[in-house]
file my_file-v9.cif (mmCIF, C-alpha atoms and all ligand atoms)
data_input
#
loop_
_atom_site.group_PDB
_atom_site.id
_atom_site.type_symbol
_atom_site.label_atom_id
_atom_site.label_comp_id
_atom_site.auth_asym_id
_atom_site.auth_seq_id
_atom_site.Cartn_x
_atom_site.Cartn_y
_atom_site.Cartn_z
ATOM 1 C CA MET G 1 -2.271 -17.979 -13.425
ATOM 2 C CA LYS G 2 -0.689 -14.631 -14.261
ATOM 3 C CA VAL G 3 -0.418 -12.001 -11.532
ATOM 4 C CA ILE G 4 0.547 -8.343 -11.901
ATOM 5 C CA ILE G 5 1.566 -6.325 -8.839
ATOM 6 C CA ILE G 6 1.762 -2.558 -9.371
ATOM 7 C CA TYR G 7 3.087 -0.309 -6.627
ATOM 8 C CA ALA G 8 3.704 3.398 -5.981
ATOM 9 C CA SER G 9 6.479 3.976 -3.476
ATOM 10 C CA ARG G 10 8.523 7.062 -2.556
ATOM 11 C CA GLY G 11 10.679 5.628 0.212
ATOM 12 C CA GLY G 12 10.658 1.955 -0.764
ATOM 13 C CA VAL G 13 8.189 0.608 1.818
ATOM 14 C CA SER G 14 5.332 -0.188 -0.609
ATOM 15 C CA LYS G 15 7.938 -1.668 -2.961
ATOM 16 C CA LYS G 16 9.146 -3.901 -0.120
ATOM 17 C CA CYS G 17 5.532 -5.013 0.540
ATOM 18 C CA ALA G 18 5.034 -5.801 -3.167
ATOM 19 C CA GLU G 19 8.225 -7.882 -3.079
ATOM 20 C CA ILE G 20 7.197 -9.741 0.101
ATOM 21 C CA LEU G 21 3.914 -10.643 -1.622
ATOM 22 C CA ARG G 22 5.729 -11.661 -4.810
ATOM 23 C CA ASP G 23 8.131 -13.909 -2.887
ATOM 24 C CA LYS G 24 5.238 -15.498 -1.002
ATOM 25 C CA ILE G 25 3.293 -16.440 -4.173
ATOM 26 C CA SER G 26 5.956 -16.872 -6.866
ATOM 27 C CA SER G 27 6.087 -20.671 -6.491
ATOM 28 C CA SER G 28 2.353 -20.897 -7.348
ATOM 29 C CA PHE G 29 1.855 -18.005 -9.829
ATOM 30 C CA ASP G 30 3.567 -16.313 -12.760
ATOM 31 C CA VAL G 31 4.196 -12.903 -11.101
ATOM 32 C CA SER G 32 5.235 -9.573 -12.659
ATOM 33 C CA VAL G 33 5.980 -6.544 -10.472
ATOM 34 C CA PHE G 34 5.854 -2.963 -11.809
ATOM 35 C CA ASP G 35 6.573 0.474 -10.405
ATOM 36 C CA ILE G 36 3.735 2.862 -11.413
ATOM 37 C CA GLU G 37 6.472 5.279 -12.558
ATOM 38 C CA ASN G 38 7.556 2.842 -15.289
ATOM 39 C CA ALA G 39 4.314 2.806 -17.314
ATOM 40 C CA PRO G 40 2.909 -0.579 -16.258
ATOM 41 C CA PRO G 41 0.921 -2.538 -18.860
ATOM 42 C CA SER G 42 -2.880 -2.685 -18.817
ATOM 43 C CA PRO G 43 -4.311 -5.394 -16.543
ATOM 44 C CA ASP G 44 -6.058 -7.118 -19.515
ATOM 45 C CA SER G 45 -3.679 -10.026 -19.918
ATOM 46 C CA PHE G 46 -3.453 -10.899 -16.211
ATOM 47 C CA ASP G 47 -5.727 -13.110 -14.106
ATOM 48 C CA ILE G 48 -5.059 -11.435 -10.763
ATOM 49 C CA VAL G 49 -4.206 -7.762 -10.260
ATOM 50 C CA VAL G 50 -2.736 -6.268 -7.081
ATOM 51 C CA ILE G 51 -2.326 -2.483 -6.928
ATOM 52 C CA GLY G 52 -1.193 -0.329 -4.047
ATOM 53 C CA GLY G 53 1.035 2.327 -2.607
ATOM 54 C CA SER G 54 1.661 4.717 0.201
ATOM 55 C CA VAL G 55 -0.443 7.488 1.660
ATOM 56 C CA ARG G 56 1.274 10.882 1.784
ATOM 57 C CA MET G 57 -0.446 13.998 3.059
ATOM 58 C CA SER G 58 -3.616 11.869 3.220
ATOM 59 C CA ARG G 59 -3.406 11.094 -0.503
ATOM 60 C CA ILE G 60 -2.377 8.192 -2.697
ATOM 61 C CA ASN G 61 -0.058 8.627 -5.683
ATOM 62 C CA LYS G 62 -1.722 10.520 -8.580
ATOM 63 C CA LYS G 63 -0.533 8.093 -11.264
ATOM 64 C CA LEU G 64 -1.854 5.187 -9.220
ATOM 65 C CA LYS G 65 -5.257 6.861 -8.922
ATOM 66 C CA LYS G 66 -5.266 7.570 -12.680
ATOM 67 C CA TYR G 67 -4.438 3.924 -13.448
ATOM 68 C CA LEU G 68 -7.271 2.776 -11.153
ATOM 69 C CA ARG G 69 -9.765 5.126 -12.841
ATOM 70 C CA GLU G 70 -8.661 4.244 -16.380
ATOM 71 C CA HIS G 71 -8.867 0.498 -15.800
ATOM 72 C CA ALA G 72 -11.815 0.401 -13.381
ATOM 73 C CA GLN G 73 -14.060 -1.690 -15.667
ATOM 74 C CA THR G 74 -11.368 -4.285 -16.337
ATOM 75 C CA LEU G 75 -10.321 -4.400 -12.678
ATOM 76 C CA ASN G 76 -13.906 -5.083 -11.604
ATOM 77 C CA LYS G 77 -14.061 -8.077 -13.978
ATOM 78 C CA LYS G 78 -10.759 -9.534 -12.711
ATOM 79 C CA GLN G 79 -9.649 -10.864 -9.359
ATOM 80 C CA THR G 80 -8.333 -7.591 -7.962
ATOM 81 C CA ALA G 81 -6.801 -6.570 -4.628
ATOM 82 C CA LEU G 82 -5.718 -3.113 -3.512
ATOM 83 C CA PHE G 83 -3.324 -2.225 -0.709
ATOM 84 C CA LEU G 84 -2.204 0.864 1.163
ATOM 85 C CA CYS G 85 0.910 1.562 3.219
ATOM 86 C CA CYS G 86 0.546 4.318 5.782
ATOM 87 C CA GLY G 87 2.195 5.689 8.897
ATOM 88 C CA PHE G 88 -1.153 6.009 10.669
ATOM 89 C CA PRO G 89 -3.044 2.767 10.025
ATOM 90 C CA GLU G 90 -5.826 3.919 12.361
ATOM 91 C CA TYR G 91 -6.931 6.214 9.498
ATOM 92 C CA PHE G 92 -6.897 3.403 6.925
ATOM 93 C CA ASP G 93 -10.724 3.402 6.524
ATOM 94 C CA THR G 94 -10.710 7.161 5.916
ATOM 95 C CA TYR G 95 -7.953 6.863 3.288
ATOM 96 C CA VAL G 96 -9.907 4.090 1.562
ATOM 97 C CA ALA G 97 -13.129 6.122 1.620
ATOM 98 C CA LYS G 98 -11.490 9.308 0.309
ATOM 99 C CA GLN G 99 -8.724 8.036 -1.990
ATOM 100 C CA ILE G 100 -9.919 4.856 -3.698
ATOM 101 C CA PRO G 101 -12.161 5.653 -6.689
ATOM 102 C CA LYS G 102 -15.726 4.533 -5.920
ATOM 103 C CA SER G 103 -15.908 2.925 -9.372
ATOM 104 C CA ILE G 104 -13.597 0.118 -8.170
ATOM 105 C CA ILE G 105 -14.976 -2.819 -6.220
ATOM 106 C CA PRO G 106 -11.957 -5.114 -5.774
ATOM 107 C CA SER G 107 -13.051 -8.749 -5.400
ATOM 108 C CA LEU G 108 -10.017 -9.598 -3.235
ATOM 109 C CA GLY G 109 -10.475 -6.590 -0.956
ATOM 110 C CA ILE G 110 -8.482 -3.550 0.145
ATOM 111 C CA HIS G 111 -5.641 -4.312 2.543
ATOM 112 C CA CYS G 112 -3.541 -2.314 5.004
ATOM 113 C CA PHE G 113 0.060 -3.516 4.813
ATOM 114 C CA GLY G 114 1.237 -1.135 7.570
ATOM 115 C CA GLY G 115 4.054 1.322 6.961
ATOM 116 C CA GLU G 116 7.329 2.671 8.267
ATOM 117 C CA LEU G 117 8.510 6.055 9.485
ATOM 118 C CA LYS G 118 12.281 5.689 9.114
ATOM 119 C CA PRO G 119 14.071 8.934 8.208
ATOM 120 C CA LYS G 120 17.339 7.168 7.353
ATOM 121 C CA ASN G 121 15.730 5.818 4.146
ATOM 122 C CA LEU G 122 14.571 9.283 3.024
ATOM 123 C CA LYS G 123 15.924 12.605 1.765
ATOM 124 C CA GLY G 124 14.983 16.309 1.915
ATOM 125 C CA PHE G 125 11.354 17.204 2.602
ATOM 126 C CA ASP G 126 10.334 13.575 3.170
ATOM 127 C CA LYS G 127 13.017 13.130 5.830
ATOM 128 C CA ILE G 128 11.872 16.269 7.688
ATOM 129 C CA ILE G 129 8.187 15.246 7.567
ATOM 130 C CA VAL G 130 8.918 11.702 8.764
ATOM 131 C CA LYS G 131 11.007 13.045 11.670
ATOM 132 C CA MET G 132 8.061 15.283 12.610
ATOM 133 C CA LEU G 133 5.559 12.410 12.337
ATOM 134 C CA ARG G 134 7.795 10.211 14.541
ATOM 135 C CA GLU G 135 8.042 12.953 17.173
ATOM 136 C CA GLU G 136 4.256 13.369 17.072
ATOM 137 C CA ILE G 137 3.791 9.655 17.837
ATOM 138 C CA LYS G 138 6.593 9.369 20.390
ATOM 139 C CA GLY G 139 5.714 12.609 22.177
ATOM 140 C CA ALA G 140 1.986 11.963 22.333
ATOM 141 C CA ASP G 141 0.292 12.829 25.616
ATOM 142 C CA PHE G 142 -0.154 9.572 27.526
ATOM 143 C CA GLU G 143 -3.464 10.785 28.973
ATOM 144 C CA SER G 144 -5.060 11.097 25.570
ATOM 145 C CA TYR G 145 -2.945 8.675 23.575
ATOM 146 C CA ASP G 146 -1.950 5.190 24.712
ATOM 147 C CA ALA G 147 1.750 5.266 23.822
ATOM 148 C CA LEU G 148 2.187 1.615 24.774
ATOM 149 C CA HIS G 149 -0.376 0.580 22.202
ATOM 150 C CA SER G 150 0.634 3.112 19.571
ATOM 151 C CA PRO G 151 4.265 2.287 18.744
ATOM 152 C CA LEU G 152 5.957 3.487 15.589
ATOM 153 C CA PRO G 153 4.386 1.805 12.579
ATOM 154 C CA GLU G 154 5.855 -1.270 10.903
ATOM 155 C CA ILE G 155 5.025 -3.358 7.857
ATOM 156 C CA VAL G 156 2.418 -5.967 8.886
ATOM 157 C CA PRO G 157 3.543 -9.192 7.136
ATOM 158 C CA GLU G 158 0.488 -11.120 8.427
ATOM 159 C CA ASN G 159 -1.765 -8.858 6.333
ATOM 160 C CA ILE G 160 0.365 -9.554 3.249
ATOM 161 C CA TYR G 161 0.236 -13.311 3.951
ATOM 162 C CA ARG G 162 -3.552 -13.124 4.407
ATOM 163 C CA LEU G 163 -3.839 -11.758 0.860
ATOM 164 C CA SER G 164 -1.469 -14.423 -0.485
ATOM 165 C CA ASP G 165 -3.647 -17.134 1.154
ATOM 166 C CA LYS G 166 -6.736 -15.627 -0.485
ATOM 167 C CA MET G 167 -4.957 -15.681 -3.860
ATOM 168 C CA ARG G 168 -3.856 -19.286 -3.441
ATOM 169 C CA LYS G 169 -7.487 -20.325 -2.932
ATOM 170 C CA LEU G 170 -8.133 -19.256 -6.560
ATOM 171 C CA LEU G 171 -5.823 -21.984 -7.913
HETATM 172 C C1 LIG F 1 5.884 13.449 3.153
HETATM 173 C C2 LIG F 1 5.157 12.335 3.848
HETATM 174 C C3 LIG F 1 3.815 12.455 4.154
HETATM 175 C C4 LIG F 1 3.118 11.402 4.793
HETATM 176 N N1 LIG F 1 1.793 11.555 5.054
HETATM 177 C C5 LIG F 1 1.113 10.537 5.642
HETATM 178 C C6 LIG F 1 -0.277 10.654 5.893
HETATM 179 O O1 LIG F 1 -0.929 11.651 5.582
HETATM 180 N N2 LIG F 1 -0.899 9.614 6.507
HETATM 181 C C7 LIG F 1 -0.239 8.465 6.874
HETATM 182 O O2 LIG F 1 -0.870 7.555 7.434
HETATM 183 N N3 LIG F 1 1.094 8.320 6.634
HETATM 184 C C8 LIG F 1 1.771 9.321 6.026
HETATM 185 N N4 LIG F 1 3.109 9.187 5.750
HETATM 186 C C9 LIG F 1 3.772 7.940 6.121
HETATM 187 C C10 LIG F 1 3.904 6.992 4.909
HETATM 188 O O3 LIG F 1 2.641 6.559 4.471
HETATM 189 C C11 LIG F 1 4.749 5.793 5.330
HETATM 190 O O4 LIG F 1 6.037 6.269 5.656
HETATM 191 C C12 LIG F 1 4.859 4.748 4.248
HETATM 192 O O5 LIG F 1 5.470 3.597 4.786
HETATM 193 C C13 LIG F 1 5.666 5.240 3.056
HETATM 194 O O6 LIG F 1 5.680 4.245 2.047
HETATM 195 P P1 LIG F 1 6.613 4.387 0.741
HETATM 196 O O7 LIG F 1 8.034 4.295 1.205
HETATM 197 O O8 LIG F 1 6.224 3.225 -0.102
HETATM 198 O O9 LIG F 1 6.286 5.707 0.098
HETATM 199 C C14 LIG F 1 3.806 10.206 5.136
HETATM 200 C C15 LIG F 1 5.167 10.088 4.815
HETATM 201 C C16 LIG F 1 5.832 11.126 4.168
HETATM 202 C C17 LIG F 1 7.288 10.950 3.818
#
call {"tool": "encode", "arguments": {"input": "my_file-v9.cif", "output": "structure tokens", "more": "lines below"}}
Ligand SMILES: Cc1cc2nc3c(=O)[nH]c(=O)nc-3n(C[C@H](O)[C@H](O)[C@H](O)COP(=O)(O)O)c2cc1C
result
Amino acid sequence: MKVIIIYASRGGVSKKCAEILRDKISSSFDVSVFDIENAPPSPDSFDIVVIGGSVRMSRINKKLKKYLREHAQTLNKKQTALFLCCGFPEYFDTYVAKQIPKSIIPSLGIHCFGGELKPKNLKGFDKIIVKMLREEIKGADFESYDALHSPLPEIVPENIYRLSDKMRKLL
């Protein structure tokens, strides 16, 4: 079965997630991975489609959204999964509700792969914002925010593996 994974990534985290998924399934599937910036092909000739990227300023990448809208009909006929990477996974449901076009009903679900807030991987504006977001999390008032249970975000490999298990069941 042919799989296409398309990602949108500014700092490399969503790319890393796409690669973890690819490595997990490449022994069972014929996998192609594309950056949304490099004009990925249409999903027509693939059996399984995985599309995702990061949330920035509460939004997903514009090109990713355009691709989802343009190919909605095809994606709904295929085995499709979507994923998001975000620094605040507690808002995942809100990002899904507001950012994923309603025309898409992905048969393999919408997954939260976690995220990272690591300024050393970033430059300029992104670096400043990520430093601010980290301070917001680390400096949160313990009375209103359980710091012990709200550490800095990380990629959640188990969620990536859960999707790969779901895909393997289609073989
Ligand atoms: C400029 C900027 C804005 C961000 N805005 C949000 C946001 O609104 N909500 C959120 O949950 N995470 C936000 N994040 C965190 C990213 O989603 C997180 O760092 C993610 O892992 C980035 O993935 P990428 O490297 O694939 O772009 C933001 C990060 C940056 C750099």
call {"tool": "residues_near_ligand", "arguments": {"input": "my_file-v9.cif", "ligand": "ligand LIG 1 (chain F)", "cutoff": "10 Å", "atoms": "only C-alpha atoms and all ligand atoms", "output": "PyMOL selection string"}}
result
chain G and resi 7-18+52-61+84-92+94-95+113-119+121-134+153-155
call {"tool": "closest_residue", "arguments": {"input": "my_file-v9.cif", "among": "G:His111, G:Lys169, G:Lys63, G:Lys120", "to": "Ala39 in chain G", "atoms": "only C-alpha atoms"}}
result
G:Lys63
call {"tool": "residues_near_point", "arguments": {"input": "my_file-v9.cif", "point": "(4.4, 7.8, -13.9)", "cutoff": "9 Å", "atoms": "all atoms listed in the file", "output": "JSON, numbers by chain"}}
result
{"G": [35, 36, 37, 38, 39, 40, 62, 63, 64]}
call {"tool": "write_last_selection", "arguments": {"input": "my_file-v9.cif", "atoms": "C-alpha atoms", "output": "PDB file, in the coordinates of the input"}}
result
ATOM      1  CA  ASP G  35       6.573   0.474 -10.405  1.00  0.00           C
ATOM      2  CA  ILE G  36       3.735   2.862 -11.413  1.00  0.00           C
ATOM      3  CA  GLU G  37       6.472   5.279 -12.558  1.00  0.00           C
ATOM      4  CA  ASN G  38       7.556   2.842 -15.289  1.00  0.00           C
ATOM      5  CA  ALA G  39       4.314   2.806 -17.314  1.00  0.00           C
ATOM      6  CA  PRO G  40       2.909  -0.579 -16.258  1.00  0.00           C
ATOM      7  CA  LYS G  62      -1.722  10.520  -8.580  1.00  0.00           C
ATOM      8  CA  LYS G  63      -0.533   8.093 -11.264  1.00  0.00           C
ATOM      9  CA  LEU G  64      -1.854   5.187  -9.220  1.00  0.00           C
TER      10      LEU G  64
END
call {"tool": "resolve_selection", "arguments": {"input": "my_file-v9.cif", "expression": "the PyMOL selection byres (((chain G and resi 170) around 10) and not hetatm)", "output": "ChimeraX atom specification"}}
result
/G:1,48,79,165-169,171
call {"tool": "residues_around", "arguments": {"input": "my_file-v9.cif", "residues": "Asp47 in chain G", "least_positions_apart": "2", "cutoff": "12 Å", "atoms": "all atoms listed in the file", "output": "tab-separated table (two decimals) with C-alpha atoms, keeping the file's coordinate frame"}}
result
chain	number	residue	atom	x	y	z
G	1	MET	CA	-2.27	-17.98	-13.42
G	2	LYS	CA	-0.69	-14.63	-14.26
G	3	VAL	CA	-0.42	-12.00	-11.53
G	4	ILE	CA	0.55	-8.34	-11.90
G	5	ILE	CA	1.57	-6.32	-8.84
G	29	PHE	CA	1.86	-18.00	-9.83
G	30	ASP	CA	3.57	-16.31	-12.76
G	31	VAL	CA	4.20	-12.90	-11.10
G	32	SER	CA	5.24	-9.57	-12.66
G	42	SER	CA	-2.88	-2.68	-18.82
G	43	PRO	CA	-4.31	-5.39	-16.54
G	44	ASP	CA	-6.06	-7.12	-19.52
G	45	SER	CA	-3.68	-10.03	-19.92
G	49	VAL	CA	-4.21	-7.76	-10.26
G	50	VAL	CA	-2.74	-6.27	-7.08
G	74	THR	CA	-11.37	-4.28	-16.34
G	75	LEU	CA	-10.32	-4.40	-12.68
G	76	ASN	CA	-13.91	-5.08	-11.60
G	77	LYS	CA	-14.06	-8.08	-13.98
G	78	LYS	CA	-10.76	-9.53	-12.71
G	79	GLN	CA	-9.65	-10.86	-9.36
G	80	THR	CA	-8.33	-7.59	-7.96
G	81	ALA	CA	-6.80	-6.57	-4.63
G	167	MET	CA	-4.96	-15.68	-3.86
G	170	LEU	CA	-8.13	-19.26	-6.56
G	171	LEU	CA	-5.82	-21.98	-7.91
call {"tool": "residues_near_point", "arguments": {"input": "my_file-v9.cif", "point": "(1.7, -9.9, 6.1)", "cutoff": "9 Å", "atoms": "only C-alpha atoms", "output": "PyMOL selection string"}}
result
chain G and resi 17+20-21+113-114+155-164
call {"tool": "atom_distance", "arguments": {"input": "my_file-v9.cif", "atom1": "CA of Ile100 in chain G", "atom2": "CA of Lys65 in chain G"}}
result
7.3 Å
call {"tool": "atom_distance", "arguments": {"input": "my_file-v9.cif", "atom1": "CA of Pro101 in chain G", "atom2": "CA of Ile137 in chain G"}}
result
29.5 Å
call {"tool": "closest_residue", "arguments": {"input": "my_file-v9.cif", "among": "G:Ile6, G:Lys98, G:Ala72, G:Glu136", "to": "Ile51 in chain G", "atoms": "only C-alpha atoms"}}
result
G:Ile6
call {"tool": "atom_distance", "arguments": {"input": "my_file-v9.cif", "atom1": "CA of Tyr67 in chain G", "atom2": "CA of Ser28 in chain G"}}
result
26.4 Å
